[in-house]
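Visitor: Supplied structure: structure_14.cif, mmCIF, C-alpha atoms and all ligand atoms.
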data_coords
loop_
_atom_site.group_PDB
_atom_site.id
_atom_site.type_symbol
_atom_site.label_atom_id
_atom_site.label_comp_id
_atom_site.auth_asym_id
_atom_site.auth_seq_id
_atom_site.Cartn_x
_atom_site.Cartn_y
_atom_site.Cartn_z
ATOM 1 C CA MET A 1 14.125 2.653 -21.978
ATOM 2 C CA THR A 2 15.269 4.622 -18.959
ATOM 3 C CA LEU A 3 12.618 7.015 -17.700
ATOM 4 C CA LEU A 4 15.024 9.763 -16.622
ATOM 5 C CA GLU A 5 18.690 10.174 -17.260
ATOM 6 C CA ALA A 6 20.770 13.075 -16.064
ATOM 7 C CA ARG A 7 24.275 13.041 -17.492
ATOM 8 C CA ASN A 8 27.172 15.141 -16.305
ATOM 9 C CA LEU A 9 25.062 18.016 -15.057
ATOM 10 C CA ASN A 10 26.855 21.151 -13.910
ATOM 11 C CA THR A 11 24.772 23.970 -12.455
ATOM 12 C CA TYR A 12 25.966 27.331 -11.138
ATOM 13 C CA TYR A 13 24.484 30.238 -9.214
ATOM 14 C CA GLY A 14 26.435 33.063 -10.812
ATOM 15 C CA GLU A 15 30.042 32.043 -10.329
ATOM 16 C CA SER A 16 29.352 29.485 -7.630
ATOM 17 C CA HIS A 17 29.652 26.018 -9.008
ATOM 18 C CA ILE A 18 27.021 23.898 -7.210
ATOM 19 C CA LEU A 19 26.290 20.691 -9.179
ATOM 20 C CA ARG A 20 29.368 18.844 -10.298
ATOM 21 C CA ASP A 21 29.068 16.246 -13.065
ATOM 22 C CA VAL A 22 25.895 14.718 -11.655
ATOM 23 C CA ASP A 23 24.820 11.444 -13.246
ATOM 24 C CA LEU A 24 21.571 9.893 -12.064
ATOM 25 C CA SER A 25 18.862 7.718 -13.564
ATOM 26 C CA VAL A 26 15.338 6.619 -12.676
ATOM 27 C CA ARG A 27 13.522 3.723 -14.313
ATOM 28 C CA HIS A 28 9.784 3.258 -14.792
ATOM 29 C CA ASN A 29 8.097 1.974 -11.616
ATOM 30 C CA GLU A 30 11.173 2.775 -9.603
ATOM 31 C CA MET A 31 11.612 4.875 -6.482
ATOM 32 C CA VAL A 32 15.031 6.469 -6.271
ATOM 33 C CA CYS A 33 16.124 8.483 -3.281
ATOM 34 C CA LEU A 34 18.649 11.322 -3.298
ATOM 35 C CA ILE A 35 20.197 11.855 0.116
ATOM 36 C CA GLY A 36 22.696 14.372 1.381
ATOM 37 C CA ARG A 37 23.133 16.894 4.155
ATOM 38 C CA ASN A 38 21.791 20.447 4.142
ATOM 39 C CA GLY A 39 23.073 22.651 1.370
ATOM 40 C CA VAL A 40 24.806 19.988 -0.745
ATOM 41 C CA GLY A 41 22.709 20.733 -3.863
ATOM 42 C CA LYS A 42 19.686 18.395 -3.791
ATOM 43 C CA THR A 43 17.119 21.108 -4.534
ATOM 44 C CA THR A 44 19.437 22.640 -7.117
ATOM 45 C CA PHE A 45 19.431 19.280 -8.868
ATOM 46 C CA LEU A 46 15.622 18.942 -8.893
ATOM 47 C CA LYS A 47 15.260 22.540 -10.116
ATOM 48 C CA SER A 48 17.710 21.750 -12.904
ATOM 49 C CA LEU A 49 15.577 18.759 -13.923
ATOM 50 C CA ILE A 50 12.329 20.711 -14.071
ATOM 51 C CA GLY A 51 13.999 23.699 -15.744
ATOM 52 C CA LEU A 52 13.808 26.353 -13.032
ATOM 53 C CA LEU A 53 17.597 26.439 -13.260
ATOM 54 C CA THR A 54 19.639 26.021 -16.427
ATOM 55 C CA PRO A 55 22.676 23.773 -16.121
ATOM 56 C CA ARG A 56 25.806 25.128 -17.766
ATOM 57 C CA SER A 57 26.558 21.711 -19.209
ATOM 58 C CA GLY A 58 25.223 18.191 -19.309
ATOM 59 C CA GLY A 59 22.134 16.417 -20.571
ATOM 60 C CA ILE A 60 18.661 15.570 -19.228
ATOM 61 C CA PHE A 61 16.631 12.910 -21.014
ATOM 62 C CA LEU A 62 13.052 11.820 -20.368
ATOM 63 C CA GLU A 63 12.449 8.496 -22.106
ATOM 64 C CA GLY A 64 15.351 9.419 -24.362
ATOM 65 C CA ASN A 65 14.068 12.902 -25.299
ATOM 66 C CA PRO A 66 16.449 15.745 -24.483
ATOM 67 C CA LEU A 67 14.912 18.344 -22.160
ATOM 68 C CA GLU A 68 17.748 20.798 -21.552
ATOM 69 C CA ARG A 69 16.400 23.447 -23.915
ATOM 70 C CA LYS A 70 12.772 23.189 -22.890
ATOM 71 C CA PRO A 71 11.104 25.599 -20.452
ATOM 72 C CA PRO A 72 9.523 24.247 -17.233
ATOM 73 C CA HIS A 73 5.926 24.210 -18.501
ATOM 74 C CA GLN A 74 6.941 22.045 -21.459
ATOM 75 C CA ARG A 75 8.828 19.661 -19.203
ATOM 76 C CA ALA A 76 5.688 19.414 -17.075
ATOM 77 C CA ARG A 77 3.594 18.606 -20.144
ATOM 78 C CA LEU A 78 6.156 16.016 -21.231
ATOM 79 C CA GLY A 79 5.673 14.212 -17.943
ATOM 80 C CA ILE A 80 7.647 15.639 -15.035
ATOM 81 C CA GLY A 81 5.653 16.425 -11.908
ATOM 82 C CA TYR A 82 7.352 18.567 -9.276
ATOM 83 C CA VAL A 83 6.554 18.916 -5.582
ATOM 84 C CA PRO A 84 8.816 21.719 -4.371
ATOM 85 C CA GLN A 85 10.458 21.915 -0.978
ATOM 86 C CA GLY A 86 8.148 23.970 1.230
ATOM 87 C CA ARG A 87 5.142 22.882 -0.881
ATOM 88 C CA GLU A 88 4.304 26.243 -2.508
ATOM 89 C CA ILE A 89 0.567 26.006 -2.130
ATOM 90 C CA ILE A 90 -1.214 29.144 -3.325
ATOM 91 C CA SER A 91 -2.662 30.241 0.024
ATOM 92 C CA HIS A 92 -5.458 32.493 -1.170
ATOM 93 C CA LEU A 93 -6.818 29.888 -3.608
ATOM 94 C CA SER A 94 -9.107 27.081 -2.461
ATOM 95 C CA VAL A 95 -7.954 23.481 -2.282
ATOM 96 C CA GLU A 96 -10.001 22.790 -5.407
ATOM 97 C CA GLU A 97 -8.397 25.686 -7.285
ATOM 98 C CA ASN A 98 -4.925 24.535 -6.253
ATOM 99 C CA LEU A 99 -5.759 21.075 -7.585
ATOM 100 C CA LEU A 100 -7.066 22.459 -10.877
ATOM 101 C CA LEU A 101 -3.779 24.319 -11.335
ATOM 102 C CA GLY A 102 -2.026 20.964 -11.505
ATOM 103 C CA MET A 103 -4.167 20.030 -14.492
ATOM 104 C CA GLU A 104 -2.567 22.823 -16.536
ATOM 105 C CA ALA A 105 0.244 20.329 -17.073
ATOM 106 C CA LEU A 106 -2.096 17.991 -18.995
ATOM 107 C CA PRO A 107 -2.168 18.160 -22.797
ATOM 108 C CA GLY A 108 -4.742 20.840 -23.622
ATOM 109 C CA GLY A 109 -4.482 22.246 -20.091
ATOM 110 C CA LEU A 110 -7.524 23.267 -18.098
ATOM 111 C CA ASN A 111 -9.465 24.161 -21.233
ATOM 112 C CA GLN A 112 -9.756 20.518 -22.125
ATOM 113 C CA ASN A 113 -9.634 18.910 -18.687
ATOM 114 C CA LYS A 114 -12.190 19.838 -16.083
ATOM 115 C CA LYS A 115 -12.671 16.775 -13.926
ATOM 116 C CA ILE A 116 -10.428 16.099 -10.960
ATOM 117 C CA ASP A 117 -9.410 12.418 -10.948
ATOM 118 C CA SER A 118 -11.020 10.834 -7.883
ATOM 119 C CA PHE A 119 -7.868 8.758 -7.329
ATOM 120 C CA ILE A 120 -6.392 11.674 -5.430
ATOM 121 C CA TYR A 121 -9.290 11.594 -2.942
ATOM 122 C CA GLU A 122 -8.662 7.899 -2.398
ATOM 123 C CA LEU A 123 -5.067 8.763 -1.638
ATOM 124 C CA PHE A 124 -5.829 11.821 0.478
ATOM 125 C CA PRO A 125 -9.466 11.825 1.661
ATOM 126 C CA ILE A 126 -8.898 15.031 3.621
ATOM 127 C CA LEU A 127 -8.602 16.987 0.365
ATOM 128 C CA HIS A 128 -12.133 16.060 -0.622
ATOM 129 C CA LYS A 129 -13.453 17.169 2.719
ATOM 130 C CA PHE A 130 -11.632 20.503 2.477
ATOM 131 C CA LEU A 131 -12.172 21.294 -1.224
ATOM 132 C CA ALA A 132 -13.654 24.697 -0.499
ATOM 133 C CA ARG A 133 -11.155 25.656 2.192
ATOM 134 C CA ARG A 134 -8.335 28.130 1.467
ATOM 135 C CA GLY A 135 -5.026 26.400 0.790
ATOM 136 C CA GLY A 136 -3.336 28.637 3.350
ATOM 137 C CA ASP A 137 -5.684 27.397 6.083
ATOM 138 C CA LEU A 138 -4.548 23.761 5.825
ATOM 139 C CA SER A 139 -1.963 22.302 8.193
ATOM 140 C CA GLY A 140 1.551 21.691 6.874
ATOM 141 C CA GLY A 141 0.870 17.995 6.378
ATOM 142 C CA GLN A 142 -2.380 18.673 4.565
ATOM 143 C CA GLN A 143 -0.639 21.214 2.331
ATOM 144 C CA GLN A 144 1.958 18.582 1.505
ATOM 145 C CA GLN A 145 -0.773 16.159 0.511
ATOM 146 C CA LEU A 146 -2.301 18.904 -1.630
ATOM 147 C CA ALA A 147 1.060 19.597 -3.299
ATOM 148 C CA ILE A 148 1.503 15.923 -4.156
ATOM 149 C CA ALA A 149 -2.070 15.659 -5.444
ATOM 150 C CA ARG A 150 -1.608 18.815 -7.535
ATOM 151 C CA ALA A 151 1.496 17.337 -9.166
ATOM 152 C CA LEU A 152 -0.273 14.012 -9.794
ATOM 153 C CA LEU A 153 -3.153 15.709 -11.585
ATOM 154 C CA GLY A 154 -0.715 16.580 -14.369
ATOM 155 C CA SER A 155 -0.386 12.794 -14.999
ATOM 156 C CA PRO A 156 3.396 12.731 -14.671
ATOM 157 C CA LYS A 157 5.587 9.857 -15.766
ATOM 158 C CA LEU A 158 8.153 10.982 -13.234
ATOM 159 C CA LEU A 159 7.391 12.620 -9.913
ATOM 160 C CA LEU A 160 10.046 14.744 -8.183
ATOM 161 C CA LEU A 161 9.489 15.093 -4.434
ATOM 162 C CA ASP A 162 11.666 17.538 -2.497
ATOM 163 C CA GLU A 163 11.620 16.646 1.217
ATOM 164 C CA PRO A 164 7.892 15.880 1.392
ATOM 165 C CA THR A 165 8.026 15.041 5.099
ATOM 166 C CA GLU A 166 10.055 18.059 6.243
ATOM 167 C CA GLY A 167 8.450 19.668 9.277
ATOM 168 C CA ILE A 168 5.402 17.419 9.189
ATOM 169 C CA GLN A 169 3.748 15.628 12.097
ATOM 170 C CA PRO A 170 4.690 11.915 12.327
ATOM 171 C CA ASN A 171 1.258 10.411 11.592
ATOM 172 C CA ILE A 172 1.039 12.322 8.303
ATOM 173 C CA VAL A 173 4.612 11.299 7.417
ATOM 174 C CA GLN A 174 3.383 7.708 7.385
ATOM 175 C CA ASP A 175 0.347 8.635 5.256
ATOM 176 C CA ILE A 176 2.574 10.340 2.718
ATOM 177 C CA GLU A 177 4.948 7.391 2.588
ATOM 178 C CA THR A 178 2.055 4.988 2.019
ATOM 179 C CA ALA A 179 0.577 7.253 -0.659
ATOM 180 C CA VAL A 180 3.848 7.495 -2.586
ATOM 181 C CA LYS A 181 4.220 3.720 -2.629
ATOM 182 C CA ARG A 182 0.651 3.370 -3.825
ATOM 183 C CA ILE A 183 1.182 5.954 -6.586
ATOM 184 C CA ILE A 184 4.113 3.955 -7.951
ATOM 185 C CA LEU A 185 2.188 0.671 -7.810
ATOM 186 C CA GLU A 186 -1.044 1.942 -9.291
ATOM 187 C CA LYS A 187 0.159 4.585 -11.734
ATOM 188 C CA GLY A 188 3.360 2.841 -12.803
ATOM 189 C CA ILE A 189 5.399 6.029 -12.635
ATOM 190 C CA GLY A 190 8.925 6.666 -11.406
ATOM 191 C CA VAL A 191 9.682 8.730 -8.310
ATOM 192 C CA LEU A 192 12.779 10.709 -7.428
ATOM 193 C CA LEU A 193 12.616 11.481 -3.741
ATOM 194 C CA VAL A 194 14.797 13.849 -1.736
ATOM 195 C CA GLU A 195 14.312 12.762 1.848
ATOM 196 C CA GLN A 196 15.870 12.789 5.309
ATOM 197 C CA HIS A 197 13.587 10.323 7.131
ATOM 198 C CA LEU A 198 15.448 7.020 7.129
ATOM 199 C CA HIS A 199 12.291 4.926 7.183
ATOM 200 C CA PHE A 200 11.044 6.610 4.017
ATOM 201 C CA VAL A 201 14.504 6.457 2.376
ATOM 202 C CA ARG A 202 14.485 2.699 2.933
ATOM 203 C CA GLN A 203 11.280 2.337 0.896
ATOM 204 C CA ALA A 204 13.197 3.396 -2.227
ATOM 205 C CA ASP A 205 14.753 0.850 -4.585
ATOM 206 C CA ARG A 206 18.026 2.693 -5.068
ATOM 207 C CA TYR A 207 19.790 5.672 -3.535
ATOM 208 C CA TYR A 208 22.310 8.270 -4.584
ATOM 209 C CA ALA A 209 24.276 10.214 -1.973
ATOM 210 C CA MET A 210 25.349 13.761 -2.722
ATOM 211 C CA GLN A 211 28.188 15.704 -1.170
ATOM 212 C CA ARG A 212 29.320 19.172 -2.286
ATOM 213 C CA GLY A 213 27.217 18.928 -5.431
ATOM 214 C CA GLY A 214 28.602 15.592 -6.612
ATOM 215 C CA ILE A 215 27.310 12.016 -6.360
ATOM 216 C CA VAL A 216 29.700 10.176 -4.051
ATOM 217 C CA ALA A 217 27.843 6.911 -3.411
ATOM 218 C CA THR A 218 25.034 4.943 -5.014
ATOM 219 C CA GLY A 219 23.491 1.502 -4.678
ATOM 220 C CA GLN A 220 20.493 -0.579 -3.695
ATOM 221 C CA THR A 221 18.707 0.831 -0.675
ATOM 222 C CA GLU A 222 18.678 -2.604 0.981
ATOM 223 C CA ASP A 223 22.473 -2.349 1.074
ATOM 224 C CA LEU A 224 22.444 1.127 2.640
ATOM 225 C CA SER A 225 24.858 0.810 5.540
ATOM 226 C CA GLN A 226 24.706 2.608 8.860
ATOM 227 C CA ALA A 227 27.963 4.370 7.929
ATOM 228 C CA VAL A 228 26.385 5.818 4.780
ATOM 229 C CA VAL A 229 23.271 6.814 6.715
ATOM 230 C CA ASP A 230 25.339 8.577 9.391
ATOM 231 C CA LYS A 231 27.361 10.383 6.780
ATOM 232 C CA PHE A 232 24.568 11.580 4.501
ATOM 233 C CA LEU A 233 21.379 11.956 6.521
ATOM 234 C CA SER A 234 20.894 14.930 8.822
ATOM 235 C CA VAL A 235 18.241 13.298 11.027
HETATM 236 N N1 LIG A 301 19.372 31.251 -5.302
HETATM 237 C C1 LIG A 301 20.606 30.946 -4.862
HETATM 238 N N2 LIG A 301 21.656 31.766 -5.097
HETATM 239 C C2 LIG A 301 22.908 31.432 -4.666
HETATM 240 N N3 LIG A 301 23.215 30.321 -4.006
HETATM 241 C C3 LIG A 301 22.207 29.465 -3.746
HETATM 242 C C4 LIG A 301 20.861 29.726 -4.155
HETATM 243 N N4 LIG A 301 20.085 28.693 -3.755
HETATM 244 C C5 LIG A 301 20.898 27.829 -3.129
HETATM 245 N N5 LIG A 301 22.175 28.277 -3.121
HETATM 246 C C6 LIG A 301 23.339 27.595 -2.550
HETATM 247 O O1 LIG A 301 23.549 26.394 -3.293
HETATM 248 C C7 LIG A 301 23.908 25.333 -2.442
HETATM 249 C C8 LIG A 301 22.972 24.174 -2.638
HETATM 250 O O2 LIG A 301 21.660 24.539 -2.203
HETATM 251 P P1 LIG A 301 20.418 23.565 -2.289
HETATM 252 O O3 LIG A 301 19.237 24.357 -1.877
HETATM 253 O O4 LIG A 301 20.397 22.922 -3.601
HETATM 254 O O5 LIG A 301 20.809 22.496 -1.175
HETATM 255 P P2 LIG A 301 19.936 21.300 -0.558
HETATM 256 O O6 LIG A 301 20.799 20.080 -0.624
HETATM 257 O O7 LIG A 301 18.618 21.249 -1.208
HETATM 258 O O8 LIG A 301 19.793 21.732 0.980
HETATM 259 P P3 LIG A 301 18.589 21.477 2.029
HETATM 260 O O9 LIG A 301 18.769 20.080 2.544
HETATM 261 O O10 LIG A 301 18.844 22.481 3.099
HETATM 262 O O11 LIG A 301 17.296 21.693 1.327
HETATM 263 C C9 LIG A 301 23.927 25.889 -1.029
HETATM 264 O O12 LIG A 301 25.245 26.211 -0.707
HETATM 265 C C10 LIG A 301 23.086 27.133 -1.131
HETATM 266 O O13 LIG A 301 23.509 28.095 -0.204
HETATM 267 MG MG MG A 302 16.705 21.455 -0.524
#
What would the structure in this file look like if it were written as structure tokens?
Ligand SMILES: Nc1ncnc2c1ncn2[C@@H]1O[C@H](COP(=O)(O)OP(=O)(O)OP(=O)(O)O)[C@@H](O)[C@H]1O
Ligand SMILES: [Mg+2]

Guide:
Amino acid sequence: MTLLEARNLNTYYGESHILRDVDLSVRHNEMVCLIGRNGVGKTTFLKSLIGLLTPRSGGIFLEGNPLERKPPHQRARLGIGYVPQGREIISHLSVEENLLLGMEALPGGLNQNKKIDSFIYELFPILHKFLARRGGDLSGGQQQQLAIARALLGSPKLLLLDEPTEGIQPNIVQDIETAVKRIILEKGIGVLLVEQHLHFVRQADRYYAMQRGGIVATGQTEDLSQAVVDKFLSV
């Protein structure tokens, strides 16, 4: 069964029609990349999937179960992990507290889950070192690692990543890329990645290209041509 299916999604901000009949799917163990220039609607799409925005029409199915009417926290518990653009780390909480927040998405929440899975320290050793540090005192790249770890601690079946390498120093970009590949291999989950770095985009299995809120091209990433790259990637 398909892990995620979005069918004919239409999302508006007030009267402005942003997403137009978006169809997109992600399979288990698959990395799918959504590309498109600034402002085309990529974040609007991810927010529609997690439930921060309500599409006016269309369907969203996680392993066949309809999600459209469920609030974000239920979608999280059903298996969608979300790493927002800009990371949204809670600055005044410690790294450890930020991580524990991610475990609210587990069945039973924090009441029934107290232990942070050490897998995330294997992925991002820096987080272990800085457990007691304030989230706001980490570098941008470290905050991104924390945001990914926080989402993983909810044991998602599908991880949504919104520009995880935006504004991050190149050596950490590579670490994040390696970690995402390892997450898919070892946890068997699906990933939907919004990304501008071509090298990272090329790690995905398939891509969808968005323009003015609609999907205008899709295919295997190995077939991604220079023309498509020039048209849909900003960097
Ligand atoms: N809260 C909002 N209210 C009204 N319009 C919005 C709102 N958020 C975004 N938009 C508009 O919706 C469109 C799509 O925005 P969105 O943030 O989804 O684009 P994006 O593809 O994620 O861009 P970027 O690459 O810059 O992150 C843009 O024209 C944007 O100006
Ligand atoms: Mg965006």

Visitor: Applying the PyMOL selection byres (((not hetatm)) within 6 of (chain A and resi 301)) to the file I just gave you, which residues come out? Please list them as a list in words.

Guide: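 Against this file, the PyMOL selection byres (((not hetatm)) within 6 of (chain A and resi 301)) returns the residues Tyr13, Ile18, Arg37, Asn38, Gly39, Val40, Gly41, Lys42, Thr43 and Thr44 of chain A.
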
Visitor: Quick one: everything within 8 Å of A:Pro55, counting all atoms listed in the file, minus sequence neighbours fewer than 3 positions away in the same chain. Send it as a list in words.

Guide: Leu9, Asn10, Thr11, Tyr12, Ser48, Gly58 and Glu68 of chain A

Visitor: Which residues of chain A sit at most 12 Å from ligand MG 302 (chain A), using only C-alpha atoms and all ligand atoms? Give each one's shortest atom pair and distance in Å (one decimal place), in chain and ascending residue order, as JSON lines.

Guide:
{"residue": "A:Leu34", "atom": "CA", "partner": "A:MG302", "partner_atom": "MG", "distance": 10.7}
{"residue": "A:Ile35", "atom": "CA", "partner": "A:MG302", "partner_atom": "MG", "distance": 10.2}
{"residue": "A:Gly36", "atom": "CA", "partner": "A:MG302", "partner_atom": "MG", "distance": 9.5}
{"residue": "A:Arg37", "atom": "CA", "partner": "A:MG302", "partner_atom": "MG", "distance": 9.2}
{"residue": "A:Asn38", "atom": "CA", "partner": "A:MG302", "partner_atom": "MG", "distance": 7.0}
{"residue": "A:Gly39", "atom": "CA", "partner": "A:MG302", "partner_atom": "MG", "distance": 6.8}
{"residue": "A:Val40", "atom": "CA", "partner": "A:MG302", "partner_atom": "MG", "distance": 8.2}
{"residue": "A:Gly41", "atom": "CA", "partner": "A:MG302", "partner_atom": "MG", "distance": 6.9}
{"residue": "A:Lys42", "atom": "CA", "partner": "A:MG302", "partner_atom": "MG", "distance": 5.4}
{"residue": "A:Thr43", "atom": "CA", "partner": "A:MG302", "partner_atom": "MG", "distance": 4.0}
{"residue": "A:Thr44", "atom": "CA", "partner": "A:MG302", "partner_atom": "MG", "distance": 7.2}
{"residue": "A:Phe45", "atom": "CA", "partner": "A:MG302", "partner_atom": "MG", "distance": 9.0}
{"residue": "A:Leu46", "atom": "CA", "partner": "A:MG302", "partner_atom": "MG", "distance": 8.8}
{"residue": "A:Lys47", "atom": "CA", "partner": "A:MG302", "partner_atom": "MG", "distance": 9.8}
{"residue": "A:Val83", "atom": "CA", "partner": "A:MG302", "partner_atom": "MG", "distance": 11.6}
{"residue": "A:Pro84", "atom": "CA", "partner": "A:MG302", "partner_atom": "MG", "distance": 8.8}
{"residue": "A:Gln85", "atom": "CA", "partner": "A:MG302", "partner_atom": "MG", "distance": 6.3}
{"residue": "A:Gly86", "atom": "CA", "partner": "A:MG302", "partner_atom": "MG", "distance": 9.1}
{"residue": "A:Arg87", "atom": "CA", "partner": "A:MG302", "partner_atom": "MG", "distance": 11.7}
{"residue": "A:Leu161", "atom": "CA", "partner": "A:MG302", "partner_atom": "MG", "distance": 10.4}
{"residue": "A:Asp162", "atom": "CA", "partner": "A:MG302", "partner_atom": "MG", "distance": 6.7}
{"residue": "A:Glu163", "atom": "CA", "partner": "A:MG302", "partner_atom": "MG", "distance": 7.2}
{"residue": "A:Pro164", "atom": "CA", "partner": "A:MG302", "partner_atom": "MG", "distance": 10.6}
{"residue": "A:Glu166", "atom": "CA", "partner": "A:MG302", "partner_atom": "MG", "distance": 10.1}
{"residue": "A:Leu193", "atom": "CA", "partner": "A:MG302", "partner_atom": "MG", "distance": 11.2}
{"residue": "A:Val194", "atom": "CA", "partner": "A:MG302", "partner_atom": "MG", "distance": 7.9}
{"residue": "A:Glu195", "atom": "CA", "partner": "A:MG302", "partner_atom": "MG", "distance": 9.3}
{"residue": "A:Gln196", "atom": "CA", "partner": "A:MG302", "partner_atom": "MG", "distance": 10.5}
{"residue": "A:Met210", "atom": "CA", "partner": "A:MG302", "partner_atom": "MG", "distance": 11.8}
{"residue": "A:Gly213", "atom": "CA", "partner": "A:MG302", "partner_atom": "MG", "distance": 11.9}

Visitor: Using only C-alpha atoms, I'd like a table of the residues in stretch 142-162 of chain A that come within 10 Å of stretch 120-128 of chain A; for each, show the closest atom pair and its distance in Å rounded to one decimal, ordered by chain and ascending number, as a Markdown table.

Guide:
| residue | atom | partner | partner_atom | distance |
| --- | --- | --- | --- | --- |
| A:Gln142 | CA | A:Ile126 | CA | 7.5 |
| A:Gln143 | CA | A:Leu127 | CA | 9.2 |
| A:Gln145 | CA | A:Phe124 | CA | 6.7 |
| A:Leu146 | CA | A:Leu127 | CA | 6.9 |
| A:Ile148 | CA | A:Ile120 | CA | 9.1 |
| A:Ala149 | CA | A:Ile120 | CA | 5.9 |
| A:Arg150 | CA | A:Ile120 | CA | 8.8 |
| A:Leu152 | CA | A:Ile120 | CA | 7.9 |
| A:Leu153 | CA | A:Ile120 | CA | 8.0 |

Visitor: I'd like the contact shell of A:Lys231 - 10 Å cut-off, only C-alpha atoms, skipping same-chain residues fewer than 3 positions apart - returned as a list in words.

Guide: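 Within the cut-off, the hits are Ile35, Gly36, Arg37, Ala209, Gln211, Ser225, Gln226, Ala227, Val228 and Ser234 of chain A.
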
Visitor: Using all atoms listed in the file, can you tell me which of A:Thr221, A:Ser16, A:Ser25, A:Gln203 comes closest to A:Gly64?

Guide: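 For A:Gly64, the nearest of the given residues is A:Ser25.
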
Visitor: Please, could N, CA and C atoms be added to stretch 9-24 of chain A and the result written as an mmCIF file, in the coordinates of the input?

Guide:
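Dumped to out10.cif:
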data_model
loop_
_atom_site.group_PDB
_atom_site.id
_atom_site.type_symbol
_atom_site.label_atom_id
_atom_site.label_comp_id
_atom_site.auth_asym_id
_atom_site.auth_seq_id
_atom_site.Cartn_x
_atom_site.Cartn_y
_atom_site.Cartn_z
ATOM 1 N N LEU A 9 25.647 16.688 -15.256
ATOM 2 C CA LEU A 9 25.062 18.016 -15.057
ATOM 3 C C LEU A 9 25.965 18.893 -14.204
ATOM 4 N N ASN A 10 26.131 20.125 -14.668
ATOM 5 C CA ASN A 10 26.855 21.151 -13.910
ATOM 6 C C ASN A 10 25.974 22.379 -13.842
ATOM 7 N N THR A 11 25.629 22.796 -12.626
ATOM 8 C CA THR A 11 24.772 23.970 -12.455
ATOM 9 C C THR A 11 25.463 24.966 -11.529
ATOM 10 N N TYR A 12 25.330 26.237 -11.890
ATOM 11 C CA TYR A 12 25.966 27.331 -11.138
ATOM 12 C C TYR A 12 24.907 28.314 -10.658
ATOM 13 N N TYR A 13 25.183 28.986 -9.537
ATOM 14 C CA TYR A 13 24.484 30.238 -9.214
ATOM 15 C C TYR A 13 25.537 31.313 -9.426
ATOM 16 N N GLY A 14 25.392 32.086 -10.479
ATOM 17 C CA GLY A 14 26.435 33.063 -10.812
ATOM 18 C C GLY A 14 27.755 32.331 -11.007
ATOM 19 N N GLU A 15 28.742 32.706 -10.198
ATOM 20 C CA GLU A 15 30.042 32.043 -10.329
ATOM 21 C C GLU A 15 30.163 30.849 -9.400
ATOM 22 N N SER A 16 29.172 30.635 -8.524
ATOM 23 C CA SER A 16 29.352 29.485 -7.630
ATOM 24 C C SER A 16 28.894 28.182 -8.258
ATOM 25 N N HIS A 17 29.843 27.302 -8.344
ATOM 26 C CA HIS A 17 29.652 26.018 -9.008
ATOM 27 C C HIS A 17 29.017 25.059 -8.001
ATOM 28 N N ILE A 18 27.735 24.729 -8.198
ATOM 29 C CA ILE A 18 27.021 23.898 -7.210
ATOM 30 C C ILE A 18 27.008 22.427 -7.647
ATOM 31 N N LEU A 19 26.338 22.110 -8.757
ATOM 32 C CA LEU A 19 26.290 20.691 -9.179
ATOM 33 C C LEU A 19 27.526 20.362 -9.988
ATOM 34 N N ARG A 20 28.121 19.232 -9.634
ATOM 35 C CA ARG A 20 29.368 18.844 -10.298
ATOM 36 C C ARG A 20 29.220 17.479 -10.951
ATOM 37 N N ASP A 21 29.101 17.488 -12.261
ATOM 38 C CA ASP A 21 29.068 16.246 -13.065
ATOM 39 C C ASP A 21 28.091 15.215 -12.510
ATOM 40 N N VAL A 22 26.866 15.647 -12.249
ATOM 41 C CA VAL A 22 25.895 14.718 -11.655
ATOM 42 C C VAL A 22 25.309 13.780 -12.715
ATOM 43 N N ASP A 23 25.436 12.504 -12.443
ATOM 44 C CA ASP A 23 24.820 11.444 -13.246
ATOM 45 C C ASP A 23 23.804 10.742 -12.363
ATOM 46 N N LEU A 24 22.590 10.578 -12.868
ATOM 47 C CA LEU A 24 21.571 9.893 -12.064
ATOM 48 C C LEU A 24 20.497 9.391 -13.013
#
